[in-house]
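Structure record follows, encoded as structure tokens.
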Amino acid sequence: MADAPMTLSEHLATQQASLSTEHARNVAALVGRIGRVAGVIAQELAHAALRDRLGYVGGSNASGDQVKKLDVWGHETLESALRETRACAALVSEESTEPIEMETGGTHALVVCADPVDGSSNLDVNGAVGTIFSLRSSKGKTPAAPQALGPGTDQIAAGYVMYGPATTLVYTVGQGTHGFTLAHETGEFLLTYPDIRIPRRGKTYGINEGNIHSWHPGQRPFVAHLKTPDKAAGRPYSLRYSGAMVADVHRTLLDGGLFMYPADWSDPKKPKAKLRLLYEVAPMALIMEQAGGRASTGLERVLDVVATDYHQRAAVILGSPEDVATADEFYRR
Ligand code: FDP
């Protein structure tokens, strides 16, 4: 009989080599807790239409997006769960303009950056959505949240949960990227995608092509290139785009290819990106790199972009290493 798959907590215990003992304990506590919150969010999403949880609350968040009831509920649920761990020194959340400081059980507590319910435009149409998280050191400082500012290379761990037909949790602590599936009967995440390796080149690209008029001058010819038939090079690529970053990145991670959200370049002096650096772009970049992929803004490596603001935005082109390298070439031309 095949061995039972490893649980998330067992797996976390094997991932401690690159972490200090105190960080390892707190990473395990926080990722384990986020896994439990994910089980609760998955349940809530499954019943949202029955519990009058769909639709807007009225008002917008720090990023100017319209806030949905499930965004607020997801944020509050995550906040109270993280607070209970005493391993979280501060939470930087998409749904809170200011970071939330928390009482901790020691100086090695971590700062959590999170988008509790990402892709919320999919909520009302029963599409896939996700939770994205990133952990950084608080360096024992109070307030702790400013320690989240800095380059993406400072991240200690990153992950996401995708709520689709199955609930999948993917995470890295810098020792490869690993994926788990929630077994609803036990509430455990079980290792189903150990050491994910993204294909060097893919067959699909994901981008909101409705924005073509505002792309960087390198972006448009790059997408035209992906669509130009060349049998030997595996082109044309197929377009796949769900409108939820987690779902689009997850497909890209497993099948290869590209997920792109380039900046609006209508005013070249002030390019405007959409996705948030601390709790969307940087964690996905770490996850991709740890799976052998790449993540670029088109102009530089995402993990080298320095966050100076909690809700800063960044352009992103991530996925198969050779595909992202080709995108970078188009940006340089
Ligand atoms: P949403 O606004 O629905 O929360 O986080 C932003 C995000 O979704 C990403 O999940 C998604 O990739 C992107 O925005 C979709 O944006 P467009 O609707 O502009 O394509």
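Letters A, B, ... mark the chains of the structure tokens in the order given; residue numbers begin at 1 per chain; ligand numbers begin at 1, in order shown.
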Write out, as CSV, each residue of chain A that has an atom at most 8 Å from ligand 1, together with the closest pair of atoms and their distance in Å to one decimal, counting only C-alpha atoms and all ligand atoms, rows going by chain and rising number.
residue,atom,partner,partner_atom_place_in_ligand_line,distance
A:Asp65,CA,ligand 1,2 (O),7.0
A:Asp115,CA,ligand 1,5 (O),7.9
A:Val117,CA,ligand 1,4 (O),7.4
A:Asp118,CA,ligand 1,4 (O),4.8
A:Gly119,CA,ligand 1,3 (O),3.5
A:Ser120,CA,ligand 1,3 (O),4.1
A:Ser121,CA,ligand 1,3 (O),3.8
A:Asn122,CA,ligand 1,3 (O),6.2
A:Val129,CA,ligand 1,10 (O),7.5
A:Gly130,CA,ligand 1,10 (O),8.0
A:Ile207,CA,ligand 1,20 (O),7.2
A:Asn208,CA,ligand 1,20 (O),4.8
A:Ser242,CA,ligand 1,12 (O),7.7
A:Gly243,CA,ligand 1,15 (C),4.4
A:Ala244,CA,ligand 1,10 (O),3.8
A:Met245,CA,ligand 1,12 (O),3.4
A:Val246,CA,ligand 1,10 (O),6.3
A:Asp248,CA,ligand 1,12 (O),7.1
A:Tyr261,CA,ligand 1,12 (O),7.3
A:Lys274,CA,ligand 1,6 (C),7.2
A:Leu275,CA,ligand 1,6 (C),5.7
A:Arg276,CA,ligand 1,5 (O),7.3
A:Glu280,CA,ligand 1,5 (O),7.2
Output file for the selection above: C-alpha atoms, as a PDB file, in the first residue's frame:
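selection31.pdb, written as the output of this step:
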ATOM      1  CA  ASP A  65     -11.040  48.820  -4.960  1.00  0.00           C
ATOM      2  CA  ASP A 115      -4.475  39.590   0.579  1.00  0.00           C
ATOM      3  CA  VAL A 117      -9.510  37.200  -0.545  1.00  0.00           C
ATOM      4  CA  ASP A 118      -7.765  37.896  -3.851  1.00  0.00           C
ATOM      5  CA  GLY A 119      -9.622  38.014  -7.171  1.00  0.00           C
ATOM      6  CA  SER A 120     -12.805  39.190  -5.528  1.00  0.00           C
ATOM      7  CA  SER A 121     -14.405  40.157  -8.841  1.00  0.00           C
ATOM      8  CA  ASN A 122     -14.861  36.385  -9.255  1.00  0.00           C
ATOM      9  CA  VAL A 129     -10.452  33.114  -5.754  1.00  0.00           C
ATOM     10  CA  GLY A 130      -7.489  32.887  -3.395  1.00  0.00           C
ATOM     11  CA  ILE A 207      -3.115  38.842 -19.526  1.00  0.00           C
ATOM     12  CA  ASN A 208      -6.024  41.290 -19.557  1.00  0.00           C
ATOM     13  CA  SER A 242      -9.505  33.857 -15.221  1.00  0.00           C
ATOM     14  CA  GLY A 243      -9.271  37.352 -13.662  1.00  0.00           C
ATOM     15  CA  ALA A 244      -8.049  35.979 -10.315  1.00  0.00           C
ATOM     16  CA  MET A 245      -4.294  36.178  -9.847  1.00  0.00           C
ATOM     17  CA  VAL A 246      -4.080  33.057  -7.703  1.00  0.00           C
ATOM     18  CA  ASP A 248      -3.843  32.293 -13.159  1.00  0.00           C
ATOM     19  CA  TYR A 261      -0.146  42.269 -15.420  1.00  0.00           C
ATOM     20  CA  LYS A 274      -2.344  47.479 -10.684  1.00  0.00           C
ATOM     21  CA  LEU A 275      -1.240  44.565  -8.520  1.00  0.00           C
ATOM     22  CA  ARG A 276       0.124  45.131  -5.022  1.00  0.00           C
ATOM     23  CA  GLU A 280       0.478  39.870  -4.439  1.00  0.00           C
TER      24      GLU A 280
END
As a PDB file with N, CA and C atoms, in the first residue's frame, please: the residues near region 169-180 of chain A (cut-off 8 Å, only C-alpha atoms, same-chain neighbours under 5 positions excluded).
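This went into out-v7.pdb:
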ATOM      1  N   LEU A   8       0.551  19.048   6.043  1.00  0.00           N
ATOM      2  CA  LEU A   8       1.234  20.343   5.989  1.00  0.00           C
ATOM      3  C   LEU A   8       2.129  20.529   7.212  1.00  0.00           C
ATOM      4  N   GLN A  15      11.192  21.615   6.721  1.00  0.00           N
ATOM      5  CA  GLN A  15      11.634  22.784   5.940  1.00  0.00           C
ATOM      6  C   GLN A  15      12.439  23.779   6.763  1.00  0.00           C
ATOM      7  N   SER A  18      16.776  26.152   6.412  1.00  0.00           N
ATOM      8  CA  SER A  18      17.224  27.493   6.015  1.00  0.00           C
ATOM      9  C   SER A  18      16.788  28.565   7.021  1.00  0.00           C
ATOM     10  N   GLY A  35      -3.346  27.832   7.023  1.00  0.00           N
ATOM     11  CA  GLY A  35      -3.986  26.638   6.456  1.00  0.00           C
ATOM     12  C   GLY A  35      -5.345  26.383   7.101  1.00  0.00           C
ATOM     13  N   ILE A 156      10.775  35.646   4.104  1.00  0.00           N
ATOM     14  CA  ILE A 156      11.197  34.374   4.715  1.00  0.00           C
ATOM     15  C   ILE A 156      10.362  33.227   4.149  1.00  0.00           C
ATOM     16  N   ALA A 157       9.119  33.517   3.866  1.00  0.00           N
ATOM     17  CA  ALA A 157       8.207  32.502   3.328  1.00  0.00           C
ATOM     18  C   ALA A 157       7.118  33.206   2.539  1.00  0.00           C
ATOM     19  N   ALA A 158       6.505  32.476   1.627  1.00  0.00           N
ATOM     20  CA  ALA A 158       5.387  33.030   0.852  1.00  0.00           C
ATOM     21  C   ALA A 158       4.495  31.879   0.421  1.00  0.00           C
ATOM     22  N   GLY A 159       3.235  32.189   0.203  1.00  0.00           N
ATOM     23  CA  GLY A 159       2.336  31.130  -0.236  1.00  0.00           C
ATOM     24  C   GLY A 159       0.998  31.674  -0.677  1.00  0.00           C
ATOM     25  N   TYR A 160       0.189  30.771  -1.171  1.00  0.00           N
ATOM     26  CA  TYR A 160      -1.176  31.143  -1.517  1.00  0.00           C
ATOM     27  C   TYR A 160      -2.089  29.943  -1.331  1.00  0.00           C
ATOM     28  N   VAL A 161      -3.368  30.253  -1.207  1.00  0.00           N
ATOM     29  CA  VAL A 161      -4.382  29.202  -1.187  1.00  0.00           C
ATOM     30  C   VAL A 161      -5.304  29.481  -2.346  1.00  0.00           C
ATOM     31  N   MET A 162      -5.630  28.459  -3.116  1.00  0.00           N
ATOM     32  CA  MET A 162      -6.587  28.629  -4.210  1.00  0.00           C
ATOM     33  C   MET A 162      -7.863  27.864  -3.875  1.00  0.00           C
ATOM     34  N   PHE A 189      -4.343  19.593   5.242  1.00  0.00           N
ATOM     35  CA  PHE A 189      -3.756  19.753   3.912  1.00  0.00           C
ATOM     36  C   PHE A 189      -2.741  18.640   3.701  1.00  0.00           C
ATOM     37  N   LEU A 190      -2.861  17.911   2.584  1.00  0.00           N
ATOM     38  CA  LEU A 190      -1.961  16.786   2.304  1.00  0.00           C
ATOM     39  C   LEU A 190      -1.095  17.095   1.091  1.00  0.00           C
ATOM     40  N   LEU A 191       0.163  16.695   1.167  1.00  0.00           N
ATOM     41  CA  LEU A 191       1.139  17.008   0.112  1.00  0.00           C
ATOM     42  C   LEU A 191       0.782  16.262  -1.178  1.00  0.00           C
ATOM     43  N   THR A 192       0.375  17.022  -2.190  1.00  0.00           N
ATOM     44  CA  THR A 192      -0.003  16.410  -3.462  1.00  0.00           C
ATOM     45  C   THR A 192       0.894  16.877  -4.614  1.00  0.00           C
ATOM     46  N   TYR A 193       1.618  17.972  -4.399  1.00  0.00           N
ATOM     47  CA  TYR A 193       2.513  18.506  -5.447  1.00  0.00           C
ATOM     48  C   TYR A 193       3.876  18.809  -4.811  1.00  0.00           C
ATOM     49  N   PRO A 194       4.670  17.763  -4.493  1.00  0.00           N
ATOM     50  CA  PRO A 194       5.967  18.035  -3.863  1.00  0.00           C
ATOM     51  C   PRO A 194       6.934  18.649  -4.868  1.00  0.00           C
ATOM     52  N   ASP A 195       7.737  19.589  -4.410  1.00  0.00           N
ATOM     53  CA  ASP A 195       8.825  20.172  -5.197  1.00  0.00           C
ATOM     54  C   ASP A 195       8.409  20.479  -6.641  1.00  0.00           C
ATOM     55  N   ILE A 196       7.504  21.403  -6.775  1.00  0.00           N
ATOM     56  CA  ILE A 196       6.970  21.764  -8.100  1.00  0.00           C
ATOM     57  C   ILE A 196       8.088  22.372  -8.957  1.00  0.00           C
ATOM     58  N   ARG A 197       8.218  21.912 -10.191  1.00  0.00           N
ATOM     59  CA  ARG A 197       9.172  22.495 -11.140  1.00  0.00           C
ATOM     60  C   ARG A 197       8.390  22.980 -12.351  1.00  0.00           C
ATOM     61  N   LEU A 286       8.481  34.984  -5.408  1.00  0.00           N
ATOM     62  CA  LEU A 286       9.313  34.037  -4.643  1.00  0.00           C
ATOM     63  C   LEU A 286       8.885  32.591  -4.934  1.00  0.00           C
ATOM     64  N   ILE A 287       7.570  32.380  -4.947  1.00  0.00           N
ATOM     65  CA  ILE A 287       7.042  31.038  -5.232  1.00  0.00           C
ATOM     66  C   ILE A 287       7.514  30.564  -6.615  1.00  0.00           C
ATOM     67  N   MET A 288       7.453  31.450  -7.603  1.00  0.00           N
ATOM     68  CA  MET A 288       7.874  31.114  -8.977  1.00  0.00           C
ATOM     69  C   MET A 288       9.363  30.799  -9.026  1.00  0.00           C
ATOM     70  N   GLN A 290      11.313  29.835  -6.724  1.00  0.00           N
ATOM     71  CA  GLN A 290      11.623  28.601  -6.000  1.00  0.00           C
ATOM     72  C   GLN A 290      11.189  27.358  -6.783  1.00  0.00           C
ATOM     73  N   ALA A 291      10.342  27.559  -7.795  1.00  0.00           N
ATOM     74  CA  ALA A 291       9.927  26.431  -8.651  1.00  0.00           C
ATOM     75  C   ALA A 291      10.729  26.425  -9.955  1.00  0.00           C
TER      76      ALA A 291
END
Worksheet entry | Counting only C-alpha atoms, the option among A:Phe133, A:Lys68, A:Val57, A:Val316 closest to Lys272 (chain A) |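 Answer, going by the shortest atom-to-atom distance: A:Val316.
Rounded to one decimal, CA of Leu182 (chain A) and CA of Pro283 (chain A) lie 21.0 Å from each other.
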Worksheet item: What is the distance between CA of Val305 (chain A) and CA of Ala263 (chain A), in Å to one decimal?
Response: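 Those two atoms sit 14.4 Å apart.
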Discussion item. Can you pull out every residue from region 161-305 of chain A that DSSP, working from the backbone, puts in strand (DSSP E or B), and format the result as a PyMOL selection string?
Written reply: chain A and resi 161-163+167-172+178-183+188-193+204-206+230+235+238-239+258-261+264+272+276+294-296+301
